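Structure file protein14.cif (mmCIF, C-alpha atoms) follows.
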data_upload
loop_
_atom_site.label_atom_id
_atom_site.label_comp_id
_atom_site.auth_asym_id
_atom_site.auth_seq_id
_atom_site.Cartn_x
_atom_site.Cartn_y
_atom_site.Cartn_z
CA MET A 1 9.19 -2.93 43.65
CA SER A 2 6.31 -1.59 45.73
CA ASN A 3 6.73 0.50 48.86
CA ASN A 4 3.60 0.86 50.96
CA ASN A 5 5.32 3.50 53.11
CA LEU A 6 6.15 5.72 50.15
CA PHE A 7 3.68 8.44 51.19
CA SER A 8 3.77 7.86 54.94
CA ASN A 9 5.67 11.08 55.54
CA PHE A 10 2.94 13.16 53.93
CA ASP A 11 -0.24 14.12 55.75
CA PRO A 12 -3.43 13.13 53.89
CA ILE A 13 -5.35 16.04 52.37
CA SER A 14 -9.14 15.98 52.42
CA SER A 15 -11.40 17.14 49.61
CA LYS A 16 -12.46 20.05 51.83
CA GLN A 17 -8.85 21.25 52.07
CA TRP A 18 -8.44 20.97 48.28
CA LYS A 19 -11.59 23.03 47.73
CA GLN A 20 -10.44 25.69 50.18
CA GLN A 21 -7.13 26.03 48.31
CA ILE A 22 -8.90 26.15 44.93
CA GLN A 23 -11.32 28.78 46.24
CA TYR A 24 -8.35 30.84 47.40
CA GLU A 25 -6.71 30.58 43.95
CA LEU A 26 -9.96 31.65 42.28
CA LYS A 27 -9.71 35.01 44.06
CA GLY A 28 -13.37 35.23 44.91
CA ALA A 29 -14.88 33.58 41.81
CA ASP A 30 -17.57 31.00 42.54
CA TYR A 31 -16.18 27.44 42.57
CA ASN A 32 -19.32 25.78 41.15
CA GLU A 33 -19.96 28.35 38.43
CA THR A 34 -16.32 28.55 37.35
CA LEU A 35 -15.07 24.97 37.47
CA VAL A 36 -18.08 22.61 37.59
CA TRP A 37 -19.72 21.95 34.23
CA GLU A 38 -22.76 19.93 33.27
CA SER A 39 -22.98 17.34 30.49
CA PRO A 40 -25.99 17.06 28.13
CA GLU A 41 -27.19 14.21 30.37
CA GLY A 42 -27.31 16.52 33.39
CA ILE A 43 -24.21 15.02 35.00
CA LYS A 44 -22.10 17.50 36.94
CA VAL A 45 -18.38 17.14 36.25
CA LYS A 46 -16.04 18.46 38.93
CA PRO A 47 -12.43 19.64 38.52
CA PHE A 48 -11.17 16.93 40.87
CA TYR A 49 -12.42 13.78 42.60
CA HIS A 50 -11.47 12.51 46.02
CA LEU A 51 -11.99 9.21 47.81
CA ASP A 52 -13.79 10.81 50.75
CA GLU A 53 -16.52 12.10 48.40
CA LEU A 54 -16.98 8.87 46.47
CA ASP A 55 -20.32 7.24 47.17
CA VAL A 56 -20.45 4.12 45.03
CA LYS A 57 -23.40 2.09 46.22
CA ASN A 58 -22.80 -0.81 43.85
CA ASN A 59 -19.56 -2.22 42.53
CA VAL A 60 -19.45 -2.72 38.79
CA SER A 61 -18.58 -6.35 38.15
CA ALA A 62 -16.85 -5.89 34.81
CA PRO A 63 -15.32 -8.92 33.08
CA THR A 64 -11.65 -9.32 32.38
CA ASN A 65 -10.51 -7.44 29.31
CA ALA A 66 -10.05 -10.61 27.26
CA PHE A 67 -12.30 -9.15 24.56
CA THR A 68 -12.61 -10.84 21.18
CA ILE A 69 -11.99 -9.11 17.86
CA LEU A 70 -15.22 -9.45 15.90
CA GLN A 71 -15.49 -9.36 12.11
CA ASN A 72 -18.79 -8.53 10.38
CA ILE A 73 -19.67 -10.49 7.25
CA PHE A 74 -22.83 -9.91 5.21
CA VAL A 75 -23.95 -13.23 3.71
CA TYR A 76 -25.06 -12.91 0.11
CA ASP A 77 -22.98 -15.53 -1.68
CA VAL A 78 -22.45 -18.43 0.76
CA LYS A 79 -19.18 -19.64 -0.77
CA LYS A 80 -17.69 -16.14 -0.81
CA SER A 81 -18.81 -15.53 2.79
CA ASN A 82 -17.23 -18.82 3.88
CA LYS A 83 -13.98 -17.90 2.13
CA THR A 84 -14.00 -14.41 3.71
CA ALA A 85 -14.55 -15.92 7.16
CA LEU A 86 -11.62 -18.31 6.74
CA GLU A 87 -9.36 -15.50 5.55
CA THR A 88 -10.28 -13.04 8.30
CA LEU A 89 -9.81 -15.66 11.02
CA SER A 90 -6.34 -16.38 9.63
CA ARG A 91 -5.55 -12.64 9.73
CA GLY A 92 -6.45 -11.87 13.32
CA ALA A 93 -10.24 -11.97 13.70
CA GLU A 94 -11.33 -14.04 16.70
CA SER A 95 -15.08 -14.19 16.15
CA ILE A 96 -17.48 -13.69 13.24
CA ARG A 97 -20.87 -12.02 12.97
CA PHE A 98 -22.85 -13.20 9.96
CA THR A 99 -25.76 -11.05 8.77
CA ILE A 100 -28.28 -13.31 7.05
CA GLU A 101 -31.33 -12.09 5.13
CA ASN A 102 -32.31 -15.32 3.37
CA GLU A 103 -33.50 -18.31 5.39
CA THR A 104 -32.69 -20.72 2.55
CA ILE A 105 -28.97 -20.26 3.31
CA SER A 106 -27.19 -23.57 3.92
CA ILE A 107 -25.58 -23.57 7.37
CA GLU A 108 -23.36 -26.54 6.46
CA GLU A 109 -22.01 -24.75 3.40
CA LEU A 110 -21.53 -21.46 5.27
CA MET A 111 -19.60 -23.14 8.11
CA GLN A 112 -17.54 -25.52 5.97
CA ASN A 113 -13.96 -25.93 7.27
CA LEU A 114 -14.39 -23.14 9.83
CA PRO A 115 -12.99 -23.78 13.33
CA LEU A 116 -16.00 -24.36 15.55
CA GLU A 117 -15.13 -25.10 19.16
CA LYS A 118 -12.79 -22.19 19.92
CA VAL A 119 -14.40 -19.42 17.83
CA SER A 120 -17.67 -17.62 18.61
CA TYR A 121 -20.10 -17.08 15.73
CA TYR A 122 -22.92 -14.55 15.88
CA PHE A 123 -25.90 -14.80 13.54
CA TYR A 124 -27.86 -11.60 12.99
CA LEU A 125 -31.12 -12.60 11.30
CA SER A 126 -33.29 -10.06 9.51
CA PHE A 127 -36.23 -12.48 9.77
CA LEU A 128 -37.84 -14.51 12.55
CA SER A 129 -37.99 -18.22 11.75
CA ILE A 130 -38.31 -21.08 14.24
CA ASP A 131 -37.13 -23.56 11.59
CA PHE A 132 -33.95 -21.62 10.79
CA VAL A 133 -33.09 -21.15 14.47
CA THR A 134 -33.64 -24.88 14.95
CA LYS A 135 -31.18 -25.59 12.11
CA LEU A 136 -28.59 -23.34 13.75
CA THR A 137 -29.16 -24.93 17.17
CA ASN A 138 -28.93 -28.48 15.81
CA PHE A 139 -25.75 -27.71 13.87
CA ALA A 140 -24.16 -26.13 16.96
CA SER A 141 -25.11 -29.10 19.11
CA GLN A 142 -23.86 -31.71 16.65
CA ASN A 143 -20.56 -29.90 16.02
CA LYS A 144 -19.91 -28.45 19.50
CA ALA A 145 -19.98 -24.97 17.96
CA ASN A 146 -20.26 -21.72 19.90
CA PHE A 147 -23.24 -19.96 18.28
CA LYS A 148 -25.02 -16.82 19.44
CA ILE A 149 -28.24 -16.01 17.59
CA LEU A 150 -29.26 -12.36 17.53
CA LEU A 151 -33.06 -12.12 17.49
CA ASP A 152 -34.63 -8.78 18.36
CA PRO A 153 -38.26 -8.21 17.29
CA ILE A 154 -38.49 -5.02 19.38
CA GLY A 155 -35.39 -3.70 17.64
CA GLN A 156 -37.05 -4.59 14.33
CA LEU A 157 -40.12 -2.58 15.33
CA ALA A 158 -38.06 0.42 16.47
CA LYS A 159 -35.85 0.53 13.37
CA ASP A 160 -38.26 -0.58 10.65
CA GLY A 161 -41.57 0.65 12.05
CA ASN A 162 -43.17 -2.80 11.80
CA TRP A 163 -42.92 -6.12 13.59
CA PHE A 164 -41.74 -9.15 11.64
CA GLU A 165 -45.45 -10.17 11.66
CA ASN A 166 -47.18 -8.67 14.69
CA LEU A 167 -46.61 -8.44 18.43
CA ASP A 168 -48.44 -11.64 19.38
CA LYS A 169 -46.97 -13.84 16.66
CA ASP A 170 -43.44 -12.53 17.12
CA PHE A 171 -43.49 -13.29 20.83
CA GLU A 172 -45.20 -16.62 20.25
CA LYS A 173 -42.23 -17.59 18.06
CA LEU A 174 -39.71 -16.23 20.58
CA ASN A 175 -41.27 -18.29 23.36
CA ALA A 176 -41.15 -21.40 21.17
CA ILE A 177 -37.48 -20.73 20.44
CA ALA A 178 -36.77 -20.11 24.15
CA ALA A 179 -38.24 -23.51 25.01
CA LYS A 180 -35.96 -25.33 22.55
CA SER A 181 -32.77 -23.36 22.05
CA THR A 182 -29.61 -24.36 23.90
CA ASN A 183 -27.78 -21.38 22.38
CA PRO A 184 -28.12 -17.72 23.33
CA PHE A 185 -30.91 -16.47 21.05
CA LEU A 186 -31.94 -13.04 22.31
CA SER A 187 -30.33 -9.68 21.59
CA CYS A 188 -31.01 -5.98 22.01
CA ASN A 189 -29.94 -3.63 19.22
CA ALA A 190 -28.99 -0.65 21.38
CA ASN A 191 -26.80 0.70 18.55
CA LEU A 192 -29.94 2.31 17.23
CA TYR A 193 -30.35 4.69 20.17
CA ASP A 194 -26.82 6.10 19.94
CA ASN A 195 -26.80 6.36 16.15
CA THR A 196 -30.03 8.36 16.15
CA GLY A 197 -28.94 10.91 18.74
CA ALA A 198 -30.12 9.69 22.15
CA ASN A 199 -28.00 10.96 25.02
CA MET A 200 -26.18 8.47 27.26
CA VAL A 201 -28.81 8.33 29.98
CA GLN A 202 -31.45 7.63 27.34
CA GLN A 203 -29.27 4.99 25.72
CA VAL A 204 -28.88 3.04 28.95
CA ALA A 205 -32.50 3.51 30.04
CA TYR A 206 -34.01 2.59 26.66
CA THR A 207 -31.77 -0.47 26.42
CA ILE A 208 -32.89 -1.71 29.84
CA ALA A 209 -36.56 -0.92 29.13
CA HIS A 210 -36.19 -2.74 25.78
CA ILE A 211 -34.79 -5.83 27.55
CA ASN A 212 -37.39 -5.60 30.31
CA GLU A 213 -40.10 -6.21 27.70
CA TYR A 214 -38.43 -9.54 26.91
CA PHE A 215 -38.23 -10.49 30.57
CA ASN A 216 -41.93 -9.69 30.94
CA ARG A 217 -43.10 -11.55 27.84
CA ILE A 218 -40.77 -14.60 27.83
CA PRO A 219 -41.19 -16.50 31.12
CA SER A 220 -37.90 -18.37 30.94
CA ILE A 221 -34.73 -16.91 29.43
CA ASN A 222 -32.05 -19.44 30.30
CA GLN A 223 -29.26 -18.00 28.18
CA PRO A 224 -27.20 -14.79 28.27
CA ILE A 225 -28.69 -11.81 26.44
CA THR A 226 -26.47 -10.10 23.87
CA ILE A 227 -26.54 -6.28 23.92
CA GLU A 228 -25.16 -4.48 20.85
CA VAL A 229 -23.91 -1.02 21.81
CA SER A 230 -22.37 1.87 19.87
CA VAL A 231 -19.55 3.86 21.43
CA GLY A 232 -18.67 7.50 20.69
CA THR A 233 -15.64 9.70 21.30
CA ASN A 234 -16.51 11.09 24.75
CA TYR A 235 -13.77 8.85 26.10
CA PHE A 236 -14.37 8.57 29.85
CA PHE A 237 -18.14 8.96 29.59
CA GLU A 238 -18.30 6.06 27.11
CA ILE A 239 -16.30 3.86 29.49
CA ALA A 240 -18.75 4.81 32.23
CA LYS A 241 -21.74 4.18 29.93
CA LEU A 242 -20.84 0.54 29.38
CA ARG A 243 -20.15 0.04 33.08
CA ALA A 244 -23.48 1.68 33.99
CA LEU A 245 -25.30 -0.47 31.45
CA ARG A 246 -23.90 -3.66 32.96
CA LEU A 247 -24.68 -2.42 36.47
CA VAL A 248 -28.32 -1.58 35.71
CA PHE A 249 -28.80 -4.77 33.66
CA ASN A 250 -27.61 -6.94 36.53
CA SER A 251 -29.96 -5.13 38.92
CA LEU A 252 -32.87 -5.79 36.55
CA ALA A 253 -31.89 -9.40 35.84
CA LYS A 254 -31.81 -10.15 39.58
CA GLU A 255 -35.49 -9.21 39.82
CA TYR A 256 -36.33 -11.93 37.27
CA ASN A 257 -33.96 -14.54 38.75
CA HIS A 258 -31.92 -14.34 35.55
CA HIS A 259 -28.46 -15.45 36.65
CA PHE A 260 -26.48 -14.62 33.52
CA ASP A 261 -24.39 -11.51 32.95
CA CYS A 262 -25.15 -9.68 29.72
CA HIS A 263 -22.85 -10.18 26.73
CA ILE A 264 -21.88 -6.75 25.35
CA VAL A 265 -20.84 -6.37 21.71
CA THR A 266 -19.64 -2.89 20.77
CA THR A 267 -19.14 -0.99 17.52
CA PRO A 268 -17.94 2.61 17.03
CA THR A 269 -20.84 4.98 16.44
CA LYS A 270 -21.72 6.21 12.96
CA ARG A 271 -23.09 9.43 14.40
CA ASN A 272 -19.76 11.33 14.28
CA LYS A 273 -18.24 9.69 11.20
CA THR A 274 -17.59 11.85 8.15
CA LEU A 275 -17.44 11.55 4.40
CA TYR A 276 -14.81 14.25 3.91
CA ASP A 277 -11.34 13.88 5.43
CA TYR A 278 -12.37 10.28 6.00
CA ASN A 279 -9.00 9.19 7.41
CA VAL A 280 -9.89 11.06 10.60
CA ASN A 281 -12.48 8.31 11.10
CA MET A 282 -9.57 5.99 11.99
CA LEU A 283 -8.58 8.28 14.85
CA ARG A 284 -12.16 8.40 16.08
CA THR A 285 -12.64 4.63 15.94
CA THR A 286 -9.34 3.99 17.75
CA THR A 287 -10.34 5.97 20.85
CA GLU A 288 -13.88 4.56 20.65
CA CYS A 289 -12.56 0.99 20.62
CA MET A 290 -10.34 1.88 23.58
CA SER A 291 -13.39 3.10 25.53
CA ALA A 292 -15.27 -0.07 24.61
CA ILE A 293 -12.48 -2.33 25.85
CA LEU A 294 -11.88 -0.39 29.07
CA GLY A 295 -15.63 -0.28 29.68
CA GLY A 296 -15.78 -4.08 29.69
CA ALA A 297 -17.05 -5.05 26.23
CA ASN A 298 -16.99 -8.79 25.55
CA ALA A 299 -16.49 -8.36 21.81
CA VAL A 300 -15.53 -5.37 19.67
CA ALA A 301 -16.35 -5.00 15.97
CA ASN A 302 -14.50 -2.02 14.57
CA LEU A 303 -16.05 0.24 11.91
CA PRO A 304 -13.94 0.58 8.73
CA TYR A 305 -12.87 4.16 8.00
CA ASP A 306 -14.62 4.03 4.59
CA ALA A 307 -17.80 2.25 5.71
CA LEU A 308 -19.96 5.27 4.89
CA TYR A 309 -19.27 5.34 1.17
CA HIS A 310 -17.54 2.08 0.16
CA LYS A 311 -18.99 -1.39 -0.05
CA ASP A 312 -17.36 -4.01 2.15
CA ASN A 313 -13.77 -4.37 1.00
CA GLU A 314 -10.70 -6.28 2.15
CA PHE A 315 -8.53 -3.18 2.69
CA GLY A 316 -11.01 -1.33 4.91
CA ASP A 317 -11.73 -4.48 6.91
CA ARG A 318 -8.01 -5.20 7.34
CA ILE A 319 -7.22 -1.70 8.59
CA SER A 320 -10.10 -1.77 11.10
CA ARG A 321 -9.10 -5.23 12.30
CA ASN A 322 -5.45 -4.18 12.64
CA GLN A 323 -6.46 -1.28 14.90
CA LEU A 324 -7.86 -3.84 17.35
CA LEU A 325 -4.87 -6.14 16.95
CA VAL A 326 -2.56 -3.27 17.92
CA LEU A 327 -4.69 -2.47 20.97
CA LYS A 328 -4.72 -6.11 22.02
CA HIS A 329 -1.24 -7.38 21.24
CA GLU A 330 0.92 -4.26 21.32
CA SER A 331 -0.92 -2.06 23.82
CA TYR A 332 -1.92 -5.03 26.04
CA PHE A 333 -5.46 -3.83 26.57
CA ASP A 334 -6.56 -7.38 27.30
CA LYS A 335 -4.11 -7.96 30.17
CA VAL A 336 -5.71 -5.96 33.00
CA ASN A 337 -8.87 -6.89 34.87
CA ASN A 338 -11.39 -4.06 35.20
CA PRO A 339 -8.82 -1.28 34.51
CA ALA A 340 -11.28 1.54 35.25
CA ASP A 341 -11.89 0.26 38.79
CA GLY A 342 -10.81 2.80 41.39
CA ALA A 343 -10.70 5.76 39.00
CA TYR A 344 -12.83 8.15 41.06
CA TYR A 345 -13.89 10.21 38.05
CA ILE A 346 -15.13 7.18 36.10
CA GLU A 347 -16.73 5.65 39.20
CA SER A 348 -18.64 8.88 39.82
CA ILE A 349 -19.88 9.20 36.23
CA THR A 350 -20.83 5.50 36.20
CA GLN A 351 -22.92 5.92 39.34
CA GLN A 352 -24.63 9.08 38.09
CA LEU A 353 -25.41 7.54 34.69
CA ALA A 354 -26.80 4.41 36.33
CA GLU A 355 -28.99 6.37 38.75
CA LYS A 356 -30.37 8.71 36.09
CA ALA A 357 -30.98 5.81 33.69
CA LEU A 358 -32.77 3.86 36.40
CA ASP A 359 -35.02 6.86 37.12
CA LEU A 360 -35.88 7.17 33.41
CA PHE A 361 -36.49 3.43 33.16
CA LYS A 362 -38.90 3.58 36.11
CA ASP A 363 -40.72 6.47 34.43
CA ILE A 364 -41.10 4.40 31.23
CA GLU A 365 -42.51 1.50 33.25
CA ARG A 366 -44.95 3.79 35.08
CA ASN A 367 -46.21 4.89 31.67
CA SER A 368 -47.07 1.41 30.34
CA GLY A 369 -43.63 0.27 29.22
CA PHE A 370 -41.26 0.57 26.31
CA ILE A 371 -43.36 -0.99 23.52
CA THR A 372 -46.35 1.20 24.39
CA GLN A 373 -44.18 4.32 24.39
CA LEU A 374 -42.74 3.32 21.00
CA ILE A 375 -46.25 2.92 19.59
CA GLU A 376 -47.32 6.26 21.09
CA GLY A 377 -44.20 7.95 19.70
CA THR A 378 -42.85 9.10 23.07
CA ILE A 379 -39.46 7.42 22.66
CA GLN A 380 -39.04 8.80 19.14
CA ARG A 381 -39.92 12.33 20.32
CA LYS A 382 -37.42 12.22 23.20
CA ILE A 383 -34.63 10.97 20.94
CA SER A 384 -35.49 13.61 18.35
CA GLU A 385 -35.24 16.35 20.99
CA SER A 386 -31.83 15.08 22.11
CA ALA A 387 -30.62 14.75 18.51
CA ALA A 388 -31.73 18.31 17.74
CA LYS A 389 -29.61 19.63 20.63
CA GLN A 390 -26.58 17.70 19.35
CA GLN A 391 -27.18 18.98 15.82
CA GLU A 392 -27.40 22.56 17.06
CA LEU A 393 -24.03 22.18 18.81
CA PHE A 394 -22.49 20.81 15.61
CA ASP A 395 -24.04 23.48 13.37
CA SER A 396 -22.81 26.25 15.70
CA GLY A 397 -19.29 24.81 15.79
CA LYS A 398 -19.39 23.95 19.50
CA GLU A 399 -19.35 20.25 18.65
CA VAL A 400 -16.25 19.83 16.48
CA LEU A 401 -15.61 17.22 13.82
CA LEU A 402 -12.14 17.94 12.47
CA GLY A 403 -11.96 18.11 8.70
CA THR A 404 -15.69 18.75 8.45
CA ASN A 405 -16.90 21.77 10.44
CA LYS A 406 -13.40 22.79 11.49
CA TYR A 407 -10.27 22.90 9.33
CA PRO A 408 -11.98 21.38 6.27
CA ASN A 409 -9.85 20.60 3.24
CA LYS A 410 -11.60 22.50 0.45
CA ASN A 411 -9.78 20.42 -2.15
CA ASP A 412 -11.44 17.17 -1.05
CA ARG A 413 -13.59 15.63 -3.78
CA MET A 414 -15.88 12.72 -2.92
CA LYS A 415 -18.59 12.67 -5.59
CA ASP A 416 -16.81 10.02 -7.69
CA GLU A 417 -15.92 7.87 -4.65
CA LEU A 418 -19.46 7.03 -3.56
CA GLU A 419 -20.30 3.34 -3.89
CA LEU A 420 -22.95 3.65 -1.17
CA TYR A 421 -25.46 6.42 -0.48
CA PRO A 422 -24.12 7.93 2.78
CA PHE A 423 -27.24 9.85 3.85
CA VAL A 424 -30.66 9.09 5.29
CA LYS A 425 -32.64 7.14 2.69
CA GLN A 426 -36.22 8.20 2.08
CA ASN A 427 -38.56 5.21 1.78
CA PRO A 428 -42.19 6.32 2.23
CA ARG A 429 -44.37 3.36 3.23
CA LYS A 430 -47.04 2.38 5.71
CA THR A 431 -45.70 1.49 9.16
CA LEU A 432 -47.20 0.69 12.52
CA ILE A 433 -45.03 3.28 14.26
CA THR A 434 -42.68 6.06 13.25
CA PRO A 435 -39.33 4.28 12.82
CA ILE A 436 -36.25 5.56 14.64
CA ILE A 437 -33.96 6.68 11.81
CA GLU A 438 -30.17 6.76 12.10
CA LYS A 439 -28.62 10.05 11.03
CA ARG A 440 -25.07 11.43 11.18
CA LEU A 441 -24.29 14.94 12.43
CA ALA A 442 -22.42 15.96 9.26
CA GLU A 443 -25.01 14.90 6.67
CA LYS A 444 -26.45 18.31 5.80
CA LEU A 445 -23.02 19.94 5.53
CA GLU A 446 -21.71 17.08 3.39
CA GLN A 447 -24.67 17.24 1.02
CA GLU A 448 -24.03 20.94 0.52
CA ARG A 449 -20.36 20.29 -0.26
CA LEU A 450 -21.19 17.48 -2.69
CA SER A 451 -23.63 19.70 -4.56
CA GLN A 452 -20.89 22.32 -5.02
CA GLU A 453 -18.25 19.95 -6.35
CA GLN A 454 -17.22 20.60 -9.95
#

Would it be possible to restate this file's structure as C-alpha cells?
Amino acid sequence: MSNNNLFSNFDPISSKQWKQQIQYELKGADYNETLVWESPEGIKVKPFYHLDELDVKNNVSAPTNAFTILQNIFVYDVKKSNKTALETLSRGAESIRFTIENETISIEELMQNLPLEKVSYYFYLSFLSIDFVTKLTNFASQNKANFKILLDPIGQLAKDGNWFENLDKDFEKLNAIAAKSTNPFLSCNANLYDNTGANMVQQVAYTIAHINEYFNRIPSINQPITIEVSVGTNYFFEIAKLRALRLVFNSLAKEYNHHFDCHIVTTPTKRNKTLYDYNVNMLRTTTECMSAILGGANAVANLPYDALYHKDNEFGDRISRNQLLVLKHESYFDKVNNPADGAYYIESITQQLAEKALDLFKDIERNSGFITQLIEGTIQRKISESAAKQQELFDSGKEVLLGTNKYPNKNDRMKDELELYPFVKQNPRKTLITPIIEKRLAEKLEQERLSQEQ
C-alpha cells in the first residue's frame, strides 16, 4: 500500500545543505579532493546525487526488459548445428545466433524443424555475398521467419585489417542488399572496441562513428541496425554505457530520418576473463549480464566460463544459459520497464558519457571520418593508449582480478586443460591497415604461470 504523505512531516533537504553537512564532517578537508573521484573516461563521480542537481537534457528511451536469451552456434556440420539449435531452444534459449563461414551451407537443412515465427535467428556471416543474403531473405519471407543478418564490412576491416574485397565493392554489395532485403541486414561489431581496451567514451563514440559511415554510404537503411556490445564488470557504468549508446544513436539516426531504434545484442567482455581460477568467470559474467539487462539490451548472449580454453561444449553452454534463466525467471529482471530510470547516479553518468562520446564523435567527423582514421591508424593508436593504461593498473595490482593478480591459487594447473590457444595469435600477413587485436588483461601473467608449471 502506497502512502504519498509518508514524508510530508519532513522538510526537504537541498543538495547545498547536504554538502554543508559533509563539509562540516570532513573537519576542513576539501570536499572535491577527498570525496569526488574521476574515472578513466574523465567522468567525475560524486559521493551523493540529488534531484536539484540533475540536468538530464534527453530522456533515455530504453525498451522494456523483455530481453531474449541468445545462444551462439558455430556452423561447421549443418546437421549437428541444427540438432544443437533444437536442443538449446528446448532447454531455455529464446534466440539463436549462427556463425557461418561457408556460403555453400544449406539454409533449408540448417533450419529444418526449427520454430520460425516466434524465435529470432541471427546470422553472422564471415563473408559478403549478395546471393547468400538473398537465400536467407527468400527463406525468411516464404516461412514467415524472423531473421537478422549481421553484415559489417567496417568491422571486418577493423578486426582483420582488410575489407572483404575493397571499400567500393563492399559498399556496392551492401547497397544492392539494402535495395532488396526485407530483413535487418546491417550490424556494428562494437565488441571489438571493448575487448581491445577502449574506454567507455571511446566505445560509444567509435560505435556511433562506425554506424555513421553506413548512414553516409547507404542512402536508404529501412531496417533496424544491430549493435553488438561487450559489457564489463563496472556495474553502474556499464548500465549507463548502454543507455548512452542508445541515446546518442537515436540522436544520430534522427539526422538521417532513420526511424528505427537500434537493436542491442550484448555479451560479457573477454577483457577481464581469466584462465586460472576460471570459476570466478561465472561471477563476472553474472554481474555483466545484469548490467546488460538493466541497461536495456534486447538480447543477451552469455559467455561460458570455460570459453577461453575449451571448445564449445554442452556443459559450458548450459551453465551460461542457466545464469540468464535464473536472472529472467527467478530474479524477474524482465518484469520492470526501464529499471534504471530515476536513479540519479546512473542518469548523471549516462548524460556525461553521452556528451563526451558525442564530442569525440564530432572530432572524428571533423578529421575525415571513422574509416579514414582507421586507415591512418588514429583509432588504433587511441585504443592502444587506453589499453596500456588499463594494463598498467592491472600489472600494479590497482585493477584486481581475483584468483589471478590477487589471491591466486598456486596449485592451479591448466597446461593439460587447453583445447584452445587462449592468447593473442600471431599471424604475420599483408593488411591494408593495422588490425585492432583483442587482448585480455591477464595474458602475460598467465603465460608466465603456464611456463612454470611442472

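If you measure from each of A:Gln454, A:Asn427, A:Gln447, A:Gln373 to Thr274 in chain A using only C-alpha atoms, the closest one turns out to be A:Gln447.
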
I'd like the residues picked by the PyMOL selection byres ((chain A and resi 379-396) around 10) written out as an MDAnalysis selection string, using the chain letters and numbers from the file. chainID A and resid 40:41 158 193:199 202:203 206 272 364 370:378 397:401 405 433:437 439:442 444:445

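One distance worth recording is that between CA of Ile73 in chain A and CA of Val204 in chain A, which is 27.2 Å.
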
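The shell of residues at most 12 Å from His329 in chain A, with only C-alpha atoms counted and near chain neighbours (fewer than 3 positions) removed, consists of A:Ala66, A:Phe67, A:Thr68, A:Ile69, A:Gly92, A:Asn322, A:Gln323, A:Leu324, A:Leu325, A:Val326, A:Tyr332, A:Phe333, A:Asp334, A:Lys335.
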
Could you list, as a list in words, every residue within 10 Å of range 247-255 of chain A, counting all atoms listed in the file and ignoring same-chain residues fewer than 5 positions away? Asn58, Asn59, Val60, Ser61, Ala62, Val204, Ala205, Thr207, Ile208, Ala209, Ile211, Asn212, Phe215, Lys241, Leu242, Phe260, Asp261, Cys262, Thr350, Gln351, Leu353, Ala354, Glu355, Ala357, Leu358 and Phe361 of chain A

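Between CA of Pro219 in chain A and CA of His259 in chain A the separation is 13.9 Å.
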
Residues in the PyMOL selection byres ((chain A and resi 175-182) around 7), expressed as an mmCIF file with C-alpha atoms, in the frame of the given file:
data_model
loop_
_atom_site.group_PDB
_atom_site.id
_atom_site.type_symbol
_atom_site.label_atom_id
_atom_site.label_comp_id
_atom_site.auth_asym_id
_atom_site.auth_seq_id
_atom_site.Cartn_x
_atom_site.Cartn_y
_atom_site.Cartn_z
ATOM 1 C CA ILE A 130 -38.310 -21.080 14.240
ATOM 2 C CA THR A 137 -29.160 -24.930 17.170
ATOM 3 C CA PHE A 171 -43.490 -13.290 20.830
ATOM 4 C CA GLU A 172 -45.200 -16.620 20.250
ATOM 5 C CA LYS A 173 -42.230 -17.590 18.060
ATOM 6 C CA LEU A 174 -39.710 -16.230 20.580
ATOM 7 C CA ASN A 183 -27.780 -21.380 22.380
ATOM 8 C CA PRO A 184 -28.120 -17.720 23.330
ATOM 9 C CA ILE A 218 -40.770 -14.600 27.830
ATOM 10 C CA ILE A 221 -34.730 -16.910 29.430
#

List the residues sitting within 6 Å of (-47.5, -1.6, 9.9) in the file's frame, using only C-alpha atoms, as a PyMOL selection string. chain A and resi 162+430-432

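Shortest atom-to-atom contact with Ile107 in chain A among A:Thr88, A:Ser8, A:Ser81, A:Ser120: A:Ser81, counting only C-alpha atoms.
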
Report as lines of an AutoDock Vina configuration file the centre and the edge lengths, in Å to one decimal, of the axis-aligned box holding every listed atom of range 406-421 of chain A, padded by 5 Å on each side.
center_x = -17.6
center_y = 13.1
center_z = 1.9
size_x = 25.7
size_y = 29.6
size_z = 29.2

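With all atoms listed in the file as the atoms that count, the residue of A:Phe185, A:Ala299, A:Asn113, A:Arg449 with the shortest distance to Ser230 in chain A is A:Ala299.
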
Taking the file above as input, evaluate the PyMOL selection byres ((chain A and resi 314) around 12) and report the hits as a ChimeraX atom specification. /A:71-73,84-85,87-88,91,304,306-307,310-313,315-322

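Using only C-alpha atoms, the nearest neighbour of Ser220 in chain A within the list A:Ser291, A:Gln21, A:Asn257, A:Thr34 is A:Asn257.
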